[in-house]
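Enquirer: Pasting run.cif below, which is mmCIF, C-alpha atoms.
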data_start
loop_
_atom_site.label_atom_id
_atom_site.label_comp_id
_atom_site.auth_asym_id
_atom_site.auth_seq_id
_atom_site.Cartn_x
_atom_site.Cartn_y
_atom_site.Cartn_z
CA MET A 42 20.91 16.12 8.99
CA GLN A 43 18.58 17.42 11.67
CA ALA A 44 20.11 17.67 15.14
CA ILE A 45 18.43 16.51 18.33
CA GLY A 46 15.90 19.02 19.62
CA GLU A 47 15.41 20.76 16.29
CA THR A 48 11.96 21.41 14.89
CA LYS A 49 10.30 18.42 13.26
CA HIS A 50 9.01 18.35 9.72
CA PRO A 51 5.77 20.44 9.56
CA GLU A 52 3.83 17.38 8.35
CA TYR A 53 5.54 14.93 10.71
CA LYS A 54 2.27 13.88 12.36
CA GLU A 55 0.65 13.17 8.98
CA ASN A 56 3.53 11.40 7.27
CA VAL A 57 3.65 7.60 7.02
CA PHE A 58 6.92 6.02 5.92
CA ILE A 59 6.41 2.86 3.85
CA ASN A 60 9.19 0.29 3.96
CA CYS A 61 8.31 -2.55 1.63
CA PRO A 62 9.43 -4.43 -1.50
CA PHE A 63 9.34 -2.50 -4.78
CA ASP A 64 9.11 -5.41 -7.20
CA GLN A 65 6.16 -5.87 -9.54
CA LYS A 66 4.85 -8.89 -7.59
CA TYR A 67 4.27 -6.56 -4.65
CA ASP A 68 2.62 -3.80 -6.71
CA ARG A 69 -0.95 -4.58 -5.60
CA MET A 70 0.06 -4.77 -1.94
CA PHE A 71 1.97 -1.49 -2.24
CA LEU A 72 -1.04 0.12 -3.89
CA ALA A 73 -3.23 -1.18 -1.04
CA ILE A 74 -0.99 0.41 1.61
CA VAL A 75 -0.80 3.76 -0.20
CA PHE A 76 -4.56 3.77 -0.83
CA THR A 77 -5.28 3.04 2.85
CA ILE A 78 -2.99 5.81 4.09
CA ILE A 79 -4.55 8.43 1.79
CA SER A 80 -8.07 7.20 2.68
CA LEU A 81 -7.21 8.01 6.29
CA LYS A 82 -6.15 11.53 5.27
CA LEU A 83 -2.47 10.89 5.90
CA ARG A 84 0.55 11.30 3.60
CA PRO A 85 2.44 8.25 2.33
CA LYS A 86 6.21 8.60 2.05
CA SER A 87 8.24 6.11 0.08
CA ALA A 88 11.82 5.67 -1.06
CA ARG A 89 10.27 4.69 -4.41
CA VAL A 90 10.75 8.37 -5.16
CA ARG A 91 14.21 8.31 -6.68
CA THR A 92 16.43 11.33 -7.12
CA ALA A 93 19.80 10.85 -8.74
CA SER A 94 21.39 13.66 -6.77
CA GLU A 95 20.82 12.06 -3.41
CA ILE A 96 22.52 9.14 -1.75
CA ARG A 97 19.81 6.55 -1.18
CA ILE A 98 20.49 5.97 2.50
CA LYS A 99 20.27 9.72 3.20
CA LYS A 100 16.95 9.84 1.39
CA ILE A 101 15.64 6.94 3.51
CA CYS A 102 16.90 8.52 6.76
CA GLY A 103 15.18 11.77 5.79
CA LEU A 104 11.88 10.01 5.13
CA ILE A 105 12.11 8.14 8.46
CA ARG A 106 12.90 11.34 10.35
CA ASP A 107 10.02 13.21 8.70
CA SER A 108 7.41 10.53 9.45
CA LYS A 109 5.73 9.83 12.78
CA TYR A 110 4.34 6.56 11.46
CA GLY A 111 6.12 3.69 9.76
CA VAL A 112 4.71 0.64 7.97
CA HIS A 113 7.36 -2.06 7.63
CA ASP A 114 6.76 -5.19 5.60
CA ILE A 115 9.68 -7.47 6.35
CA SER A 116 8.28 -10.53 4.61
CA ARG A 117 10.46 -10.35 1.50
CA THR A 118 13.81 -11.73 2.66
CA GLN A 119 14.00 -14.85 0.52
CA LEU A 120 17.16 -15.70 -1.36
CA ASP A 121 17.84 -13.83 -4.56
CA LYS A 122 17.69 -16.25 -7.52
CA LYS A 123 20.83 -14.87 -9.12
CA SER A 124 23.09 -14.26 -6.15
CA GLY A 125 21.69 -16.87 -3.75
CA LEU A 126 21.82 -14.25 -1.00
CA PRO A 127 18.93 -12.88 1.10
CA ARG A 128 17.67 -9.31 0.78
CA PHE A 129 18.01 -7.32 3.99
CA ASN A 130 16.91 -3.81 3.01
CA MET A 131 13.56 -4.00 4.78
CA PRO A 132 14.83 -5.26 8.17
CA PHE A 133 17.66 -2.71 7.89
CA GLU A 134 15.21 0.19 7.38
CA LEU A 135 13.06 -1.08 10.25
CA GLY A 136 16.20 -0.94 12.39
CA LEU A 137 16.84 2.65 11.33
CA ASP A 138 13.28 3.63 12.29
CA LEU A 139 13.53 1.89 15.65
CA GLY A 140 16.92 3.52 16.25
CA CYS A 141 15.49 6.97 15.51
CA LYS A 142 12.76 6.37 18.09
CA GLU A 143 14.97 4.76 20.74
CA PHE A 144 18.02 7.04 20.64
CA ASN A 145 16.36 10.42 20.23
CA ASP A 146 13.87 11.67 22.83
CA SER A 147 12.39 14.13 20.31
CA TYR A 148 11.19 11.14 18.29
CA SER A 149 10.01 8.89 21.11
CA ASP A 150 6.42 9.42 19.89
CA LYS A 151 7.23 7.55 16.69
CA THR A 152 5.10 4.50 16.14
CA MET A 153 5.49 1.63 13.72
CA LEU A 154 3.61 -1.31 12.33
CA VAL A 155 5.52 -4.44 11.36
CA VAL A 156 3.90 -6.90 8.98
CA GLU A 157 4.99 -10.15 7.39
CA SER A 158 3.40 -12.60 4.99
CA ARG A 159 3.22 -15.62 7.31
CA ASN A 160 2.86 -15.75 11.09
CA TYR A 161 6.09 -16.04 13.11
CA GLU A 162 8.19 -16.10 9.93
CA SER A 163 10.29 -13.08 10.86
CA GLN A 164 11.22 -14.61 14.22
CA LYS A 165 13.29 -17.15 12.35
CA PHE A 166 15.63 -14.52 10.89
CA LEU A 167 15.05 -11.55 13.19
CA SER A 168 14.57 -12.89 16.69
CA ASP A 169 15.18 -9.45 18.25
CA ILE A 170 11.81 -8.43 16.83
CA LEU A 171 10.09 -10.54 19.51
CA GLY A 172 7.62 -8.34 21.35
CA TYR A 173 6.70 -6.39 18.24
CA ASP A 174 4.28 -9.13 17.17
CA PRO A 175 4.25 -8.62 13.42
CA ASP A 176 0.83 -9.10 11.81
CA ALA A 177 0.60 -11.60 8.95
CA HIS A 178 -1.15 -10.49 5.75
CA GLY A 179 -0.80 -13.74 3.81
CA ASN A 180 -0.05 -11.71 0.65
CA ASN A 181 -3.70 -10.69 0.67
CA ALA A 182 -4.47 -7.01 -0.07
CA GLU A 183 -7.78 -7.05 1.84
CA ARG A 184 -6.08 -8.41 4.94
CA LEU A 185 -3.25 -5.87 4.62
CA ILE A 186 -5.71 -2.97 4.30
CA LYS A 187 -7.48 -4.16 7.46
CA ILE A 188 -4.21 -4.43 9.40
CA VAL A 189 -2.93 -0.99 8.32
CA SER A 190 -6.26 0.79 8.77
CA ASP A 191 -6.97 -0.79 12.18
CA TRP A 192 -3.55 0.31 13.36
CA LEU A 193 -3.78 3.88 12.02
CA ARG A 194 -7.38 4.44 13.16
CA ASN A 195 -6.35 3.31 16.60
CA GLU A 196 -3.33 5.63 16.59
CA LEU A 197 -5.38 8.58 15.32
CA GLU A 198 -8.22 7.86 17.77
CA ASN A 199 -10.76 8.96 15.18
CA PRO A 200 -13.70 6.56 14.79
CA GLU A 201 -15.15 8.66 11.97
CA LEU A 202 -12.41 7.57 9.60
CA PRO A 203 -13.35 4.74 7.20
CA ASN A 204 -12.64 1.22 8.44
CA GLY A 205 -10.81 -1.56 6.64
CA LYS A 206 -13.95 -2.98 5.04
CA GLN A 207 -15.02 0.39 3.61
CA ILE A 208 -11.51 1.13 2.38
CA PHE A 209 -11.24 -2.26 0.67
CA GLU A 210 -14.59 -1.77 -1.10
CA ASN A 211 -13.31 1.57 -2.42
CA PHE A 212 -9.96 0.05 -3.26
CA LYS A 213 -11.59 -2.53 -5.56
CA LEU A 214 -13.39 0.26 -7.43
CA PHE A 215 -10.24 2.34 -7.60
CA GLU A 216 -8.33 -0.58 -9.11
CA ILE A 217 -10.90 -0.83 -11.92
CA ASP A 218 -10.72 2.89 -12.64
CA TYR A 219 -6.96 3.09 -12.29
CA ARG A 220 -6.48 0.22 -14.74
CA GLU A 221 -8.70 2.05 -17.20
CA ALA A 222 -6.97 5.40 -16.62
CA LYS A 223 -3.52 3.88 -17.13
CA LYS A 224 -4.47 2.65 -20.62
CA ASN A 225 -3.97 6.17 -21.91
CA LEU A 226 -1.04 7.14 -19.73
CA LEU A 227 2.66 6.63 -19.80
CA PRO A 228 4.78 5.36 -18.17
CA LYS A 229 2.91 2.15 -17.38
CA ARG A 230 4.35 2.14 -13.87
CA PRO A 231 3.72 5.76 -12.85
CA ALA A 232 6.02 7.70 -10.57
CA PHE A 233 5.07 7.65 -6.89
CA ILE A 234 4.03 11.30 -7.01
CA ASP A 235 1.59 10.54 -9.86
CA LEU A 236 0.23 7.51 -8.05
CA THR A 237 -0.51 9.41 -4.83
CA TYR A 238 -2.04 12.28 -6.80
CA SER A 239 -4.29 9.85 -8.72
CA ILE A 240 -5.50 8.21 -5.52
CA ALA A 241 -6.20 11.53 -3.80
CA LYS A 242 -8.01 12.79 -6.88
CA TRP A 243 -10.09 9.61 -7.15
CA ILE A 244 -11.08 9.69 -3.46
CA ASP A 245 -12.00 13.36 -3.74
CA LYS A 246 -14.14 12.71 -6.85
CA MET A 247 -15.93 9.79 -5.19
CA ARG A 248 -16.59 11.80 -2.00
CA LYS A 249 -18.15 14.55 -4.05
CA GLY A 250 -20.26 11.96 -5.82
CA THR A 251 -18.63 12.82 -9.21
CA MET B 953 38.73 9.72 -30.32
CA ALA B 954 37.26 6.27 -30.84
CA MET B 955 35.51 6.55 -27.50
CA VAL B 956 34.01 9.90 -28.48
CA LYS B 957 32.78 8.45 -31.79
CA GLU B 958 31.31 5.48 -29.93
CA ALA B 959 29.55 7.78 -27.45
CA LEU B 960 28.16 9.92 -30.25
CA ALA B 961 26.91 6.85 -32.12
CA HIS B 962 25.28 5.58 -28.93
CA ALA B 963 23.61 8.95 -28.29
CA GLU B 964 22.41 9.09 -31.89
CA LYS B 965 20.99 5.57 -31.69
CA ASN B 966 19.22 6.29 -28.39
CA GLY B 967 17.94 9.60 -29.70
CA SER B 968 16.41 8.01 -32.76
CA MET B 969 14.92 5.22 -30.66
CA MET B 970 13.37 7.83 -28.39
CA ARG B 971 11.89 9.63 -31.39
CA HIS B 972 10.54 6.33 -32.65
CA GLU B 973 8.94 5.59 -29.25
CA LYS B 974 7.47 9.08 -29.09
CA SER B 975 5.88 8.82 -32.50
CA LYS B 976 4.56 5.33 -31.70
CA ASN B 977 3.03 6.63 -28.48
CA LYS B 978 1.52 9.57 -30.31
CA GLN B 979 -0.09 7.23 -32.81
CA GLU B 980 -1.58 5.20 -29.96
CA GLY B 981 -2.92 8.33 -28.29
CA ARG B 982 -0.73 8.19 -25.19
CA ARG B 983 0.63 11.32 -23.60
CA TRP B 984 3.81 11.61 -21.66
CA VAL B 985 5.47 14.74 -20.36
CA ARG B 986 9.24 14.56 -20.17
CA PRO B 987 10.62 15.65 -16.77
CA LEU B 988 12.35 19.01 -16.73
CA PHE B 989 15.52 17.62 -15.23
CA PRO B 990 16.91 14.09 -15.49
CA SER B 991 16.95 13.72 -11.69
CA GLU B 992 13.28 14.66 -11.38
CA PRO B 993 10.80 11.79 -11.16
CA THR B 994 8.76 11.35 -14.32
CA THR B 995 5.62 13.33 -13.76
CA ILE B 996 2.47 13.23 -15.81
CA GLU B 997 0.69 16.55 -16.13
CA LYS B 998 -1.96 16.94 -13.45
CA ALA B 999 -4.56 17.93 -16.03
CA VAL B 1000 -3.87 14.71 -17.94
CA LEU B 1001 -4.18 12.64 -14.77
CA ASP B 1002 -7.39 14.44 -13.78
CA LYS B 1003 -8.94 13.71 -17.15
CA ALA B 1004 -7.85 10.05 -17.14
CA ILE B 1005 -9.28 9.49 -13.64
CA GLU B 1006 -12.52 11.32 -14.39
CA ASP B 1007 -13.04 9.46 -17.67
CA ALA B 1008 -12.40 6.10 -15.99
CA ILE B 1009 -14.93 6.81 -13.22
CA GLU B 1010 -17.52 7.97 -15.73
CA LYS B 1011 -16.96 4.90 -17.90
CA ARG B 1012 -17.46 2.55 -14.95
CA LEU B 1013 -20.55 4.39 -13.71
CA GLY B 1014 -21.92 4.48 -17.24
CA GLN B 1015 -21.51 0.74 -17.58
CA ARG B 1016 -23.38 0.17 -14.33
CA LYS B 1017 -26.47 2.09 -15.56
#
Could you spell out this file's structure in structure tokens?
Expert:
Amino acid sequence: MQAIGETKHPEYKENVFINCPFDQKYDRMFLAIVFTIISLKLRPKSARVRTASEIRIKKICGLIRDSKYGVHDISRTQLDKKSGLPRFNMPFELGLDLGCKEFNDSYSDKTMLVVESRNYESQKFLSDILGYDPDAHGNNAERLIKIVSDWLRNELENPELPNGKQIFENFKLFEIDYREAKKNLLPKRPAFIDLTYSIAKWIDKMRKGT
Amino acid sequence: MAMVKEALAHAEKNGSMMRHEKSKNKQEGRRWVRPLFPSEPTTIEKAVLDKAIEDAIEKRLGQRK
């Protein structure tokens, strides 16, 4: 673990930690977040990268520490059908990110975006979040892209970066191409590293006009 | 000893299933590169990804014309 005052990760200011559900129902929303981050020339970081040799919580803490930005979707806390218990991983990871920022002066520049599916929903189970004003995406990828890109463009203070509308138009085209590309690839749910590479490659090809 | 036999049978079964999957994938023209180490995330060769992305873009643009 990195001690207070030590040098930050060399790509700290470009890394964006994504804390969101990993189930298939959320796949399109996850893709939308990753696509937006890469479109804004930043680096998405996700615990979806699994390594057997590492304890999961250490992996998550490392990703949080290495990322200046954090996107937290805390909307998925409904009861599990089998166990009847709620899932708390996302609020827990948001807490870790907030703790890193609050208790370590070296990381006071950390900034995070909290989103939920419906307005004021999180206040019912996480009242301490009051003041963070989570944005509601309504499980709509276009809306989520707008929220994430507005926030990051504002943080980066770079008006030349594409806006939410432009990113969503590209995202729709990417989805078509990615669906086609996946027909001849395995596994059907590619590893995170392959997904980010594919997006970066696609954006690069489209910029160059193929 | 029984446990060892059971483990060997299990490994044999899984191995043959894997071979079956591989040959099925080959027939269907899919390509998959096995990770070097079990702990490494499954990674498709960059060249394969490049080609798949490029072909998909070209197909879409071709359809538009």
Enquirer: With all atoms listed in the file as the atoms that count, which of A:Val57, A:Val112, A:Ile244, A:Val155 lies nearest to chain B?
Expert: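 Result for the nearest residue to chain B: A:Ile244.
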Enquirer: Which residues match the PyMOL selection byres ((chain A and resi 81) around 12) in the file above, as a ChimeraX atom specification?
Expert: /A:55-57,74-80,82-85,186,189-205,207-208,240-241,244
Enquirer: Fewer than 3 positions away in the same chain doesn't count, so skip those; otherwise give me all residues within 12 Å of Tyr238 of chain A, counting only C-alpha atoms, as a list in words.
Expert: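 After dropping sequence-adjacent residues, the list is Val75, Phe76, Ile79, Arg84, Pro85, Tyr219, Pro231, Ala232, Phe233, Ile234, Asp235, Ala241, Lys242, Trp243, Ile244 and Asp245 of chain A; Thr995, Ile996, Glu997, Lys998, Ala999, Val1000, Leu1001, Asp1002 and Ile1005 of chain B.
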Enquirer: Find the spatial neighbours of Met70 of chain A, counting only C-alpha atoms, within a cut-off of 10 Å - ignore same-chain residues fewer than 4 positions away - and output them as a VMD selection string.
Expert: chain A and resid 61 to 63 65 to 66 74 to 76 178 180 to 186
Enquirer: Looking at A:Thr237, A:Glu210, A:Gly125, A:Ile217, which one is nearest to chain B, with distances taken over only C-alpha atoms?
Expert: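 Going through A:Thr237, A:Glu210, A:Gly125, A:Ile217 one by one, the smallest distance to chain B is for A:Ile217.
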Enquirer: Quick one: residues within 9 Å of (8.2, -11.8, 4.8) (file frame), counting all atoms listed in the file, please, as a list in words.
Expert: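 Here is the list of nearby residues: Asp114, Ile115, Ser116, Arg117, Thr118, Gln119, Val156, Glu157, Ser158, Arg159, Glu162, Ser163 and Ala177 of chain A.
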Enquirer: Determine the residue membership of the PyMOL selection byres ((chain B and resi 1012) around 12) for the file above and supply it as a list in words.
Expert: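 Evaluating the PyMOL selection byres ((chain B and resi 1012) around 12) on this file yields Leu214, Phe215, Glu216, Ile217, Asp218, Tyr219, Arg220, Glu221, Ala222 and Thr251 of chain A; Ile1005, Glu1006, Asp1007, Ala1008, Ile1009, Glu1010, Lys1011, Leu1013, Gly1014, Gln1015, Arg1016 and Lys1017 of chain B.
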Enquirer: Take the selection from the previous step and output its residues with C-alpha atoms, as an mmCIF file, in the frame of the given file.
Expert:
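And here's again-v1.cif as it stands now:
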data_model
loop_
_atom_site.group_PDB
_atom_site.id
_atom_site.type_symbol
_atom_site.label_atom_id
_atom_site.label_comp_id
_atom_site.auth_asym_id
_atom_site.auth_seq_id
_atom_site.Cartn_x
_atom_site.Cartn_y
_atom_site.Cartn_z
ATOM 1 C CA LEU A 214 -13.390 0.260 -7.430
ATOM 2 C CA PHE A 215 -10.240 2.340 -7.600
ATOM 3 C CA GLU A 216 -8.330 -0.580 -9.110
ATOM 4 C CA ILE A 217 -10.900 -0.830 -11.920
ATOM 5 C CA ASP A 218 -10.720 2.890 -12.640
ATOM 6 C CA TYR A 219 -6.960 3.090 -12.290
ATOM 7 C CA ARG A 220 -6.480 0.220 -14.740
ATOM 8 C CA GLU A 221 -8.700 2.050 -17.200
ATOM 9 C CA ALA A 222 -6.970 5.400 -16.620
ATOM 10 C CA THR A 251 -18.630 12.820 -9.210
ATOM 11 C CA ILE B 1005 -9.280 9.490 -13.640
ATOM 12 C CA GLU B 1006 -12.520 11.320 -14.390
ATOM 13 C CA ASP B 1007 -13.040 9.460 -17.670
ATOM 14 C CA ALA B 1008 -12.400 6.100 -15.990
ATOM 15 C CA ILE B 1009 -14.930 6.810 -13.220
ATOM 16 C CA GLU B 1010 -17.520 7.970 -15.730
ATOM 17 C CA LYS B 1011 -16.960 4.900 -17.900
ATOM 18 C CA LEU B 1013 -20.550 4.390 -13.710
ATOM 19 C CA GLY B 1014 -21.920 4.480 -17.240
ATOM 20 C CA GLN B 1015 -21.510 0.740 -17.580
ATOM 21 C CA ARG B 1016 -23.380 0.170 -14.330
ATOM 22 C CA LYS B 1017 -26.470 2.090 -15.560
#
Enquirer: Quick one: pull the distance between atom CA of Tyr161 of chain A and atom CA of Gly111 of chain A, Å, one decimal.
Expert: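 Between atom CA of Tyr161 of chain A and atom CA of Gly111 of chain A the gap is 20.0 Å.
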Enquirer: Please provide as a list in words all residues within 9 Å of Lys86 of chain A, with the sequence filter that same-chain residues fewer than 4 positions apart are discarded (counting all atoms listed in the file).
Expert: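 Listed by chain and then number, they are Asn56, Val57, Phe58, Ile59, Val75, Val90, Leu104, Ile105, Asp107 and Ser108 of chain A.
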Enquirer: To one decimal in Å, tell me the separation between atom CA of Phe144 of chain A and atom CA of Lys49 of chain A.
Expert: 15.6 Å
Enquirer: Rounded to one decimal place, report the atom CA of Lys100 of chain A-atom CA of Phe71 of chain A distance in Å.
Expert: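 Going from atom CA of Lys100 of chain A over to atom CA of Phe71 of chain A, I get 19.1 Å.
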Enquirer: Where's the centre, and what are the edge lengths in Å to one decimal, of a box along x, y and z enclosing all listed atoms of segment 142-146 of chain A padded 8 Å per side, as lines of an AutoDock Vina configuration file?
Expert:
center_x = 15.4
center_y = 8.2
center_z = 20.5
size_x = 21.3
size_y = 22.9
size_z = 20.7
Enquirer: If you count only C-alpha atoms, which residues fall within 8 Å of Ala1004 of chain B, apart from same-chain ones fewer than 6 positions away, as a list in words?
Expert: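 So, after excluding close chain neighbours, the residues are Ala222, Lys223, Asn225 and Leu226 of chain A.
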Enquirer: Of the candidates A:Gly179, A:Ser124, A:Arg89, A:Leu137, which one gets nearest to chain B if we count all atoms listed in the file?
Expert: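 Among the listed residues, A:Arg89 lies closest to chain B.
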Enquirer: Going by the chain IDs and residue numbers used in this file, which residues fall under the PyMOL selection byres ((chain A and resi 132) around 9)? Write them as a PDB file with C-alpha atoms, keeping the file's coordinate frame.
Expert:
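What follows is the written file out_1.pdb:
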ATOM      1  CA  ASN A  60       9.190   0.290   3.960  1.00  0.00           C
ATOM      2  CA  HIS A 113       7.360  -2.060   7.630  1.00  0.00           C
ATOM      3  CA  ASP A 114       6.760  -5.190   5.600  1.00  0.00           C
ATOM      4  CA  ILE A 115       9.680  -7.470   6.350  1.00  0.00           C
ATOM      5  CA  THR A 118      13.810 -11.730   2.660  1.00  0.00           C
ATOM      6  CA  ARG A 128      17.670  -9.310   0.780  1.00  0.00           C
ATOM      7  CA  PHE A 129      18.010  -7.320   3.990  1.00  0.00           C
ATOM      8  CA  ASN A 130      16.910  -3.810   3.010  1.00  0.00           C
ATOM      9  CA  MET A 131      13.560  -4.000   4.780  1.00  0.00           C
ATOM     10  CA  PHE A 133      17.660  -2.710   7.890  1.00  0.00           C
ATOM     11  CA  GLU A 134      15.210   0.190   7.380  1.00  0.00           C
ATOM     12  CA  LEU A 135      13.060  -1.080  10.250  1.00  0.00           C
ATOM     13  CA  GLY A 136      16.200  -0.940  12.390  1.00  0.00           C
ATOM     14  CA  LEU A 137      16.840   2.650  11.330  1.00  0.00           C
ATOM     15  CA  LEU A 167      15.050 -11.550  13.190  1.00  0.00           C
TER      16      LEU A 167
END
Enquirer: Smallest atom-to-atom distance to chain B: which of A:Lys224, A:Thr152, A:Arg248, A:Arg97, using all atoms listed in the file?
Expert: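 Selected residue with least distance to chain B: A:Lys224.
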